[in-house]
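K.L.:
You'll find input_34.pdb just under this line, and it carries PDB, C-alpha atoms.
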```
ATOM      1  CA  MET P   1     -21.430  -3.557  54.832  1.00  0.00           C
ATOM      2  CA  GLY P   2     -22.604  -4.729  51.421  1.00  0.00           C
ATOM      3  CA  PHE P   3     -24.518  -2.965  48.742  1.00  0.00           C
ATOM      4  CA  TYR P   4     -27.596  -3.925  46.801  1.00  0.00           C
ATOM      5  CA  GLN P   5     -27.029  -5.452  43.381  1.00  0.00           C
ATOM      6  CA  PRO P   6     -30.233  -5.961  41.415  1.00  0.00           C
ATOM      7  CA  TYR P   7     -30.338  -9.197  39.459  1.00  0.00           C
ATOM      8  CA  SER P   8     -27.123 -10.427  41.096  1.00  0.00           C
ATOM      9  CA  HIS P   9     -28.645 -13.899  41.367  1.00  0.00           C
ATOM     10  CA  LEU P  10     -28.775 -14.074  37.567  1.00  0.00           C
ATOM     11  CA  TYR P  11     -25.087 -13.240  37.172  1.00  0.00           C
ATOM     12  CA  SER P  12     -23.651 -14.834  40.276  1.00  0.00           C
ATOM     13  CA  GLY P  13     -20.238 -15.714  38.861  1.00  0.00           C
ATOM     14  CA  ILE P  14     -19.182 -18.973  40.474  1.00  0.00           C
ATOM     15  CA  SER P  15     -21.738 -21.728  40.024  1.00  0.00           C
ATOM     16  CA  ALA P  16     -22.352 -23.909  43.056  1.00  0.00           C
ATOM     17  CA  GLY P  17     -21.397 -27.132  41.289  1.00  0.00           C
ATOM     18  CA  ARG P  18     -18.337 -25.796  39.486  1.00  0.00           C
ATOM     19  CA  TYR P  19     -15.990 -25.836  42.483  1.00  0.00           C
ATOM     20  CA  THR P  20     -16.867 -28.276  45.215  1.00  0.00           C
ATOM     21  CA  SER P  21     -14.473 -27.390  47.996  1.00  0.00           C
ATOM     22  CA  GLY P  22     -12.639 -24.447  49.395  1.00  0.00           C
ATOM     23  CA  ARG P  23     -13.196 -21.058  50.891  1.00  0.00           C
ATOM     24  CA  GLU P  24     -14.513 -18.409  48.529  1.00  0.00           C
ATOM     25  CA  LEU P  25     -13.647 -14.737  48.701  1.00  0.00           C
ATOM     26  CA  VAL P  26     -16.013 -12.504  46.756  1.00  0.00           C
ATOM     27  CA  VAL P  27     -14.351  -9.243  45.746  1.00  0.00           C
ATOM     28  CA  GLY P  28     -16.644  -6.222  45.922  1.00  0.00           C
ATOM     29  CA  ARG P  29     -16.492  -3.165  43.700  1.00  0.00           C
ATOM     30  CA  GLN P  30     -15.294  -1.062  46.618  1.00  0.00           C
ATOM     31  CA  GLN P  31     -12.069  -3.147  46.651  1.00  0.00           C
ATOM     32  CA  ILE P  32     -11.354  -2.400  42.972  1.00  0.00           C
ATOM     33  CA  THR P  33      -9.525   0.643  41.677  1.00  0.00           C
ATOM     34  CA  GLU P  34      -9.324   1.371  37.975  1.00  0.00           C
ATOM     35  CA  ASP P  35      -5.688   1.805  36.902  1.00  0.00           C
ATOM     36  CA  VAL P  36      -6.207   2.366  33.194  1.00  0.00           C
ATOM     37  CA  ALA P  37      -9.547   3.790  32.098  1.00  0.00           C
ATOM     38  CA  PRO P  38     -11.322   2.340  29.064  1.00  0.00           C
ATOM     39  CA  ALA P  39      -9.728   3.585  25.841  1.00  0.00           C
ATOM     40  CA  ALA P  40     -13.081   3.959  24.079  1.00  0.00           C
ATOM     41  CA  GLU P  41     -16.766   3.555  24.729  1.00  0.00           C
ATOM     42  CA  PRO P  42     -18.700   0.708  23.078  1.00  0.00           C
ATOM     43  CA  ILE P  43     -20.709   3.298  21.115  1.00  0.00           C
ATOM     44  CA  THR P  44     -18.977   6.094  19.233  1.00  0.00           C
ATOM     45  CA  LEU P  45     -20.116   9.682  19.335  1.00  0.00           C
ATOM     46  CA  ALA P  46     -21.141   9.445  15.675  1.00  0.00           C
ATOM     47  CA  GLU P  47     -23.289   6.354  16.372  1.00  0.00           C
ATOM     48  CA  ALA P  48     -24.962   8.020  19.360  1.00  0.00           C
ATOM     49  CA  LYS P  49     -25.656  11.200  17.380  1.00  0.00           C
ATOM     50  CA  ALA P  50     -27.096   9.183  14.483  1.00  0.00           C
ATOM     51  CA  HIS P  51     -29.374   7.301  16.890  1.00  0.00           C
ATOM     52  CA  LEU P  52     -30.502  10.565  18.493  1.00  0.00           C
ATOM     53  CA  ARG P  53     -30.807  12.267  15.103  1.00  0.00           C
ATOM     54  CA  VAL P  54     -28.561  15.100  16.223  1.00  0.00           C
ATOM     55  CA  ASP P  55     -26.712  16.855  13.401  1.00  0.00           C
ATOM     56  CA  PHE P  56     -25.011  19.677  15.318  1.00  0.00           C
ATOM     57  CA  ASP P  57     -21.955  19.682  17.621  1.00  0.00           C
ATOM     58  CA  ASP P  58     -23.221  21.790  20.533  1.00  0.00           C
ATOM     59  CA  ASP P  59     -24.114  18.780  22.731  1.00  0.00           C
ATOM     60  CA  ASP P  60     -21.178  16.470  21.917  1.00  0.00           C
ATOM     61  CA  THR P  61     -19.742  16.618  25.443  1.00  0.00           C
ATOM     62  CA  LEU P  62     -23.141  15.883  26.982  1.00  0.00           C
ATOM     63  CA  ILE P  63     -23.749  12.947  24.620  1.00  0.00           C
ATOM     64  CA  GLN P  64     -20.314  11.458  25.370  1.00  0.00           C
ATOM     65  CA  THR P  65     -20.956  11.788  29.106  1.00  0.00           C
ATOM     66  CA  LEU P  66     -24.358  10.093  28.763  1.00  0.00           C
ATOM     67  CA  VAL P  67     -22.848   7.206  26.769  1.00  0.00           C
ATOM     68  CA  ALA P  68     -20.198   6.661  29.481  1.00  0.00           C
ATOM     69  CA  THR P  69     -22.808   6.853  32.245  1.00  0.00           C
ATOM     70  CA  ALA P  70     -25.050   4.359  30.449  1.00  0.00           C
ATOM     71  CA  ARG P  71     -22.127   1.932  29.995  1.00  0.00           C
ATOM     72  CA  GLU P  72     -21.206   2.173  33.681  1.00  0.00           C
ATOM     73  CA  TYR P  73     -24.818   1.532  34.698  1.00  0.00           C
ATOM     74  CA  VAL P  74     -25.157  -1.539  32.446  1.00  0.00           C
ATOM     75  CA  GLU P  75     -21.827  -2.911  33.718  1.00  0.00           C
ATOM     76  CA  LYS P  76     -22.984  -2.506  37.317  1.00  0.00           C
ATOM     77  CA  ILE P  77     -26.352  -4.191  36.781  1.00  0.00           C
ATOM     78  CA  ALA P  78     -25.059  -7.032  34.598  1.00  0.00           C
ATOM     79  CA  ASN P  79     -21.723  -7.582  36.386  1.00  0.00           C
ATOM     80  CA  ARG P  80     -20.130  -7.584  32.942  1.00  0.00           C
ATOM     81  CA  ALA P  81     -17.316  -5.471  31.565  1.00  0.00           C
ATOM     82  CA  LEU P  82     -18.341  -3.952  28.250  1.00  0.00           C
ATOM     83  CA  VAL P  83     -14.954  -2.373  27.518  1.00  0.00           C
ATOM     84  CA  GLU P  84     -11.423  -3.409  28.421  1.00  0.00           C
ATOM     85  CA  ARG P  85      -9.674  -1.745  31.346  1.00  0.00           C
ATOM     86  CA  THR P  86      -6.916  -2.500  33.840  1.00  0.00           C
ATOM     87  CA  SER P  87      -7.889  -2.632  37.506  1.00  0.00           C
ATOM     88  CA  THR P  88      -6.314  -3.458  40.857  1.00  0.00           C
ATOM     89  CA  ALA P  89      -8.028  -5.433  43.628  1.00  0.00           C
ATOM     90  CA  ARG P  90      -6.813  -4.868  47.183  1.00  0.00           C
ATOM     91  CA  LEU P  91      -7.700  -7.834  49.381  1.00  0.00           C
ATOM     92  CA  SER P  92      -7.080  -8.680  53.019  1.00  0.00           C
ATOM     93  CA  GLY P  93      -6.086 -12.281  52.318  1.00  0.00           C
ATOM     94  CA  PHE P  94      -6.096 -15.287  50.023  1.00  0.00           C
ATOM     95  CA  ALA P  95      -8.822 -17.874  49.494  1.00  0.00           C
ATOM     96  CA  ASP P  96      -9.257 -21.040  47.441  1.00  0.00           C
ATOM     97  CA  ILE P  97     -11.559 -19.139  45.094  1.00  0.00           C
ATOM     98  CA  ILE P  98     -11.330 -15.385  44.583  1.00  0.00           C
ATOM     99  CA  ALA P  99     -14.398 -14.241  42.648  1.00  0.00           C
ATOM    100  CA  LEU P 100     -13.875 -10.948  40.842  1.00  0.00           C
ATOM    101  CA  PRO P 101     -16.795  -8.552  40.309  1.00  0.00           C
ATOM    102  CA  PHE P 102     -16.579  -8.175  36.526  1.00  0.00           C
ATOM    103  CA  ARG P 103     -16.508 -10.725  33.743  1.00  0.00           C
ATOM    104  CA  PRO P 104     -15.067 -11.586  31.339  1.00  0.00           C
ATOM    105  CA  ILE P 105     -11.503 -11.484  32.596  1.00  0.00           C
ATOM    106  CA  THR P 106      -9.112 -11.380  29.658  1.00  0.00           C
ATOM    107  CA  GLY P 107      -5.868 -11.690  31.587  1.00  0.00           C
ATOM    108  CA  LEU P 108      -4.012 -11.320  34.833  1.00  0.00           C
ATOM    109  CA  VAL P 109      -1.005  -9.002  35.095  1.00  0.00           C
ATOM    110  CA  SER P 110       0.339  -9.838  38.557  1.00  0.00           C
ATOM    111  CA  ILE P 111      -0.380 -11.004  42.091  1.00  0.00           C
ATOM    112  CA  LYS P 112       1.590  -9.328  44.866  1.00  0.00           C
ATOM    113  CA  TYR P 113       1.217  -9.548  48.621  1.00  0.00           C
ATOM    114  CA  TYR P 114       2.718  -8.410  51.899  1.00  0.00           C
ATOM    115  CA  ASN P 115       3.987 -11.338  53.956  1.00  0.00           C
ATOM    116  CA  ILE P 116       2.947 -11.529  57.622  1.00  0.00           C
ATOM    117  CA  ASP P 117       6.561 -12.212  58.646  1.00  0.00           C
ATOM    118  CA  SER P 118       7.856  -9.085  56.883  1.00  0.00           C
ATOM    119  CA  PRO P 119       4.921  -6.705  56.341  1.00  0.00           C
ATOM    120  CA  SER P 120       7.024  -4.026  54.655  1.00  0.00           C
ATOM    121  CA  VAL P 121       8.229  -6.340  51.854  1.00  0.00           C
ATOM    122  CA  LEU P 122       6.055  -6.685  48.764  1.00  0.00           C
ATOM    123  CA  THR P 123       6.365 -10.242  47.406  1.00  0.00           C
ATOM    124  CA  THR P 124       5.407 -11.247  43.867  1.00  0.00           C
ATOM    125  CA  LEU P 125       3.445 -14.488  43.559  1.00  0.00           C
ATOM    126  CA  PHE P 126       2.794 -14.065  39.834  1.00  0.00           C
ATOM    127  CA  ASP P 127       3.918 -11.635  37.150  1.00  0.00           C
ATOM    128  CA  SER P 128       2.841 -12.143  33.542  1.00  0.00           C
ATOM    129  CA  GLY P 129       6.014 -10.459  32.311  1.00  0.00           C
ATOM    130  CA  SER P 130       8.393 -12.705  34.269  1.00  0.00           C
ATOM    131  CA  PRO P 131       8.923 -16.437  33.654  1.00  0.00           C
ATOM    132  CA  ALA P 132      10.505 -16.659  37.127  1.00  0.00           C
ATOM    133  CA  THR P 133       7.057 -16.423  38.775  1.00  0.00           C
ATOM    134  CA  PRO P 134       5.002 -19.302  37.317  1.00  0.00           C
ATOM    135  CA  SER P 135       1.249 -19.597  37.646  1.00  0.00           C
ATOM    136  CA  ASP P 136       1.093 -23.240  38.788  1.00  0.00           C
ATOM    137  CA  VAL P 137      -0.383 -22.192  42.150  1.00  0.00           C
ATOM    138  CA  PHE P 138      -3.644 -20.989  40.636  1.00  0.00           C
ATOM    139  CA  ALA P 139      -5.756 -20.976  37.499  1.00  0.00           C
ATOM    140  CA  LEU P 140      -7.619 -18.015  36.087  1.00  0.00           C
ATOM    141  CA  ASP P 141     -11.184 -19.007  35.226  1.00  0.00           C
ATOM    142  CA  THR P 142     -12.088 -16.376  32.644  1.00  0.00           C
ATOM    143  CA  ASP P 143     -15.677 -17.645  32.197  1.00  0.00           C
ATOM    144  CA  TYR P 144     -16.608 -17.189  35.845  1.00  0.00           C
ATOM    145  CA  GLY P 145     -14.219 -14.333  36.588  1.00  0.00           C
ATOM    146  CA  ALA P 146     -12.358 -16.107  39.361  1.00  0.00           C
ATOM    147  CA  LEU P 147      -8.870 -16.951  40.505  1.00  0.00           C
ATOM    148  CA  VAL P 148      -8.901 -20.599  41.649  1.00  0.00           C
ATOM    149  CA  ARG P 149      -6.172 -22.278  43.705  1.00  0.00           C
ATOM    150  CA  ASN P 150      -5.001 -25.502  42.059  1.00  0.00           C
ATOM    151  CA  ASP P 151      -5.367 -28.728  44.053  1.00  0.00           C
ATOM    152  CA  GLY P 152      -2.378 -29.413  46.285  1.00  0.00           C
ATOM    153  CA  GLN P 153      -0.921 -25.903  45.881  1.00  0.00           C
ATOM    154  CA  LEU P 154      -0.459 -23.301  48.611  1.00  0.00           C
ATOM    155  CA  TYR P 155      -0.339 -19.552  48.344  1.00  0.00           C
TER     156      TYR P 155
END
```
What would the structure in this file look like if it were written as structure tokens?

P.N.:
Amino acid sequence: MGFYQPYSHLYSGISAGRYTSGRELVVGRQQITEDVAPAAEPITLAEAKAHLRVDFDDDDTLIQTLVATAREYVEKIANRALVERTSTARLSGFADIIALPFRPITGLVSIKYYNIDSPSVLTTLFDSGSPATPSDVFALDTDYGALVRNDGQLY
């Protein structure tokens, strides 16, 4: 079951003409877990208080909560990440194009999967910290927020 995303047609991610062939897997927000929360909000407490013309500290916690809530709302509507975070996507399979729900994507840490032949063994397809797992199978399209299988390569 999907969920309603206002204005999703304006920020659709993969353009129809960009990739001409292949099966696309669109990752939903419900498949994403946040591993490392944003270190800071895009607006500081001091900036928010100056905008609100608040010169006392009684409502600092409330103001910080409202700033975080506003950022989360804008990210959801615009399908854009306003602050950097580390997340994990749990998918049921591979596809030629895996469209991620937030853009821009600044980097990819790893791709791991459970093989059908040995479902208890976690296999690493890519690890940014290891030169032994190269990324020639796929390309990370940071503009469109997608993982794209390279021509002639198999997962």

K.L.:
Within 10 Å of Ala48 (chain P), counting only C-alpha atoms, which residues show up once you throw out same-chain ones fewer than 2 positions away? Write them as a PyMOL selection string, please.

P.N.:
chain P and resi 43-46+50-54+60+63-64+66-67

K.L.:
With the PyMOL selection byres ((chain P and resi 36) around 10) as the selection, what would be picked from this file? Answer as a PDB file with C-alpha atoms, in the coordinates of the input, please.

P.N.:
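Result file out.pdb:
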```
ATOM      1  CA  THR P  33      -9.525   0.643  41.677  1.00  0.00           C
ATOM      2  CA  GLU P  34      -9.324   1.371  37.975  1.00  0.00           C
ATOM      3  CA  ASP P  35      -5.688   1.805  36.902  1.00  0.00           C
ATOM      4  CA  ALA P  37      -9.547   3.790  32.098  1.00  0.00           C
ATOM      5  CA  PRO P  38     -11.322   2.340  29.064  1.00  0.00           C
ATOM      6  CA  ALA P  39      -9.728   3.585  25.841  1.00  0.00           C
ATOM      7  CA  GLU P  84     -11.423  -3.409  28.421  1.00  0.00           C
ATOM      8  CA  ARG P  85      -9.674  -1.745  31.346  1.00  0.00           C
ATOM      9  CA  THR P  86      -6.916  -2.500  33.840  1.00  0.00           C
ATOM     10  CA  SER P  87      -7.889  -2.632  37.506  1.00  0.00           C
ATOM     11  CA  THR P  88      -6.314  -3.458  40.857  1.00  0.00           C
TER      12      THR P  88
END
```

K.L.:
Between CA of Ala95 (chain P) and CA of Leu82 (chain P), measure the distance and give it in Å to one decimal.

P.N.:
27.1 Å

K.L.:
Just give me the gap between CA of Asp143 (chain P) and CA of Thr106 (chain P) in Å, one decimal is fine.

P.N.:
9.4 Å

K.L.:
Could you state the separation of CA of Gly107 (chain P) and CA of Ala68 (chain P) in Å, given to one decimal place?

P.N.:
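About the pair CA of Gly107 (chain P) and CA of Ala68 (chain P): they are 23.4 Å apart.
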
K.L.:
Selection in question (the file shown): the PyMOL selection byres ((chain P and resi 115) around 12). Which residues does it include, as an NGL selection string?

P.N.:
:P and (92-94 or 112-114 or 116-125 or 155)

K.L.:
Pick from P:Asn79, P:Asn150, P:Ser128, P:Gln31: nearest to Pro104 (chain P), with all atoms listed in the file counted?

P.N.:
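Looking only at the distances to Pro104 (chain P), the closest residue turns out to be P:Asn79.
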
K.L.:
Give me the box for region 107-120 of chain P as JSON, namely the centre and edge lengths in Å to one decimal of a box along x, y and z that holds every listed atom plus 5 Å on each side.

P.N.:
```
{"center_x": 1.0, "center_y": -8.1, "center_z": 45.1, "size_x": 23.7, "size_y": 18.2, "size_z": 37.1}
```

K.L.:
Applied to the shown file, which residues does the PyMOL selection byres ((chain P and resi 30) around 10) return, written as a count of residues only?

P.N.:
11

K.L.:
Determine, counting only C-alpha atoms, every residue of protein, DNA or RNA that lies within 12 Å of (-2.3, -27.5, 46.1) in the file coordinates, then give the result as a list in words.

P.N.:
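Selection result: Gly22, Asp96, Asp136, Val137, Phe138, Ala139, Val148, Arg149, Asn150, Asp151, Gly152, Gln153, Leu154 and Tyr155 of chain P.
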